[in-house]
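Below is one structure, written out as structure tokens, with a few remarks after it.
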Amino acid sequence: MIMKRLILSATIIMSVLSIQAKTLIVYYSYTNNVERIVNELRTQIEADVIEVEPAEKGLDYAANNYAIGSAQIAAIRENPDDASSYPAIDPVNVDMSEYSTVIIGTPLWWSNMAAPMQTFLFQHGKEMAGKNIGLIVSSASSGISGVESDAKRLIPNGIFLEPSLWIRSSQTSNAGTLLQNWLQAIDYNNLASGISNIVSDRDGRFTVYSLSGIRLQADAESTSGMPYGLYIINGKKILVTR
């Protein structure tokens, strides 16, 4: 029986490793600092990329001491649960079920996350439940705790990777090294692929957790205690063993 379970465990591991754990990078950039950071990140990891863009073009957010951005942030602060508080962005067509990790790149506006990125997360944050969430913030000098709070409010059931990465504007030219160190700090290689552990409960049910956020479970037959159905957490069957 033990040998059979070991063989089954090996089969489960091979099945998990055959699943591609995909990463999505979502970013908004006004001064191009975040875009430069994301372009550097794309040289270090394989990921799909979405750029969030305001629906209203040509706005000068920097005019009058960033008056437009300040007003947008104030509106969100006043009514954070009202969709009308968020500035319109171009429609984004994305299937979040394809990704296990989402990396968000955003500027800081008045101690908060830039308003267009908040709009995107207001629209799609609930779809990120159970996913690994990485946060990269660009700012001139202010700390990023307000941006982290915005992200956790807008993605209430995300698995936030620590630490977040804060890249000051003056550090943008050194983004490559900062990103490399951050990817190591969050153990990104193991997030992208691999298995964290295999456990068996008292009823003989095997549950396999992968570091990429993929969870597999095999139910046990009452007579033999051997698993006979292996499913990915979204219900899709990927292996049957008798």
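Each chain in the structure tokens gets a letter, A, B, ..., in the order shown, and its residues are numbered from 1; ligands are numbered from 1 in order too.
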
Selection near segment 159-174 of chain A, 6 Å with only C-alpha atoms, sequence-local residues under 2 positions removed, as an NGL selection string: :A and (130-140 or 176-177)

Include N, CA, C and O atoms and write out the residues we just selected as a PDB file, in the first residue's frame.
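Okay, this is what ended up in part30.pdb:
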```pdb
ATOM      1  N   GLY A 130      -7.234  34.223  -4.432  1.00  0.00           N
ATOM      2  CA  GLY A 130      -6.398  33.030  -4.352  1.00  0.00           C
ATOM      3  C   GLY A 130      -5.140  33.079  -5.184  1.00  0.00           C
ATOM      4  O   GLY A 130      -4.366  32.124  -5.197  1.00  0.00           O
ATOM      5  N   LYS A 131      -4.916  34.183  -5.886  1.00  0.00           N
ATOM      6  CA  LYS A 131      -3.711  34.291  -6.728  1.00  0.00           C
ATOM      7  C   LYS A 131      -2.600  35.002  -5.965  1.00  0.00           C
ATOM      8  O   LYS A 131      -2.835  35.801  -5.062  1.00  0.00           O
ATOM      9  N   ASN A 132      -1.356  34.707  -6.361  1.00  0.00           N
ATOM     10  CA  ASN A 132      -0.215  35.414  -5.806  1.00  0.00           C
ATOM     11  C   ASN A 132      -0.190  36.821  -6.380  1.00  0.00           C
ATOM     12  O   ASN A 132      -0.246  36.998  -7.600  1.00  0.00           O
ATOM     13  N   ILE A 133      -0.086  37.816  -5.524  1.00  0.00           N
ATOM     14  CA  ILE A 133      -0.107  39.209  -5.956  1.00  0.00           C
ATOM     15  C   ILE A 133       1.212  39.872  -5.566  1.00  0.00           C
ATOM     16  O   ILE A 133       1.552  39.968  -4.382  1.00  0.00           O
ATOM     17  N   GLY A 134       1.948  40.328  -6.577  1.00  0.00           N
ATOM     18  CA  GLY A 134       3.167  41.084  -6.341  1.00  0.00           C
ATOM     19  C   GLY A 134       2.923  42.547  -6.649  1.00  0.00           C
ATOM     20  O   GLY A 134       2.212  42.879  -7.597  1.00  0.00           O
ATOM     21  N   LEU A 135       3.510  43.441  -5.856  1.00  0.00           N
ATOM     22  CA  LEU A 135       3.260  44.865  -6.015  1.00  0.00           C
ATOM     23  C   LEU A 135       4.573  45.612  -6.207  1.00  0.00           C
ATOM     24  O   LEU A 135       5.494  45.492  -5.390  1.00  0.00           O
ATOM     25  N   ILE A 136       4.653  46.380  -7.305  1.00  0.00           N
ATOM     26  CA  ILE A 136       5.809  47.233  -7.598  1.00  0.00           C
ATOM     27  C   ILE A 136       5.315  48.668  -7.678  1.00  0.00           C
ATOM     28  O   ILE A 136       4.396  48.967  -8.452  1.00  0.00           O
ATOM     29  N   VAL A 137       5.910  49.540  -6.876  1.00  0.00           N
ATOM     30  CA  VAL A 137       5.442  50.921  -6.782  1.00  0.00           C
ATOM     31  C   VAL A 137       6.577  51.879  -7.104  1.00  0.00           C
ATOM     32  O   VAL A 137       7.688  51.739  -6.585  1.00  0.00           O
ATOM     33  N   SER A 138       6.261  52.868  -7.939  1.00  0.00           N
ATOM     34  CA  SER A 138       7.217  53.925  -8.260  1.00  0.00           C
ATOM     35  C   SER A 138       6.736  55.226  -7.631  1.00  0.00           C
ATOM     36  O   SER A 138       5.562  55.595  -7.773  1.00  0.00           O
ATOM     37  N   SER A 139       7.628  55.916  -6.932  1.00  0.00           N
ATOM     38  CA  SER A 139       7.280  57.226  -6.374  1.00  0.00           C
ATOM     39  C   SER A 139       8.541  58.055  -6.232  1.00  0.00           C
ATOM     40  O   SER A 139       9.659  57.519  -6.239  1.00  0.00           O
ATOM     41  N   ALA A 140       8.345  59.360  -6.071  1.00  0.00           N
ATOM     42  CA  ALA A 140       9.502  60.246  -5.921  1.00  0.00           C
ATOM     43  C   ALA A 140      10.142  60.093  -4.559  1.00  0.00           C
ATOM     44  O   ALA A 140      11.357  59.960  -4.429  1.00  0.00           O
ATOM     45  N   GLY A 176      16.958  47.068 -12.914  1.00  0.00           N
ATOM     46  CA  GLY A 176      17.320  45.675 -13.194  1.00  0.00           C
ATOM     47  C   GLY A 176      17.806  44.950 -11.953  1.00  0.00           C
ATOM     48  O   GLY A 176      17.340  43.844 -11.636  1.00  0.00           O
ATOM     49  N   THR A 177      18.721  45.561 -11.231  1.00  0.00           N
ATOM     50  CA  THR A 177      19.253  44.940 -10.009  1.00  0.00           C
ATOM     51  C   THR A 177      18.193  44.861  -8.929  1.00  0.00           C
ATOM     52  O   THR A 177      18.067  43.837  -8.232  1.00  0.00           O
TER      53      THR A 177
END
```

Computed interatomic separation between atom CA of Thr31 of chain A and atom CA of Asp60 of chain A (Å): 10.8 Å

Which of A:Pro91, A:Gly158, A:Gly146, A:Gly105 sits closest to Ala129 of chain A [using only C-alpha atoms]: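 Nearest to Ala129 of chain A: A:Gly158.
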
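Here atom CA of Lys57 of chain A stands at a distance of 18.3 Å from atom CA of Thr106 of chain A.
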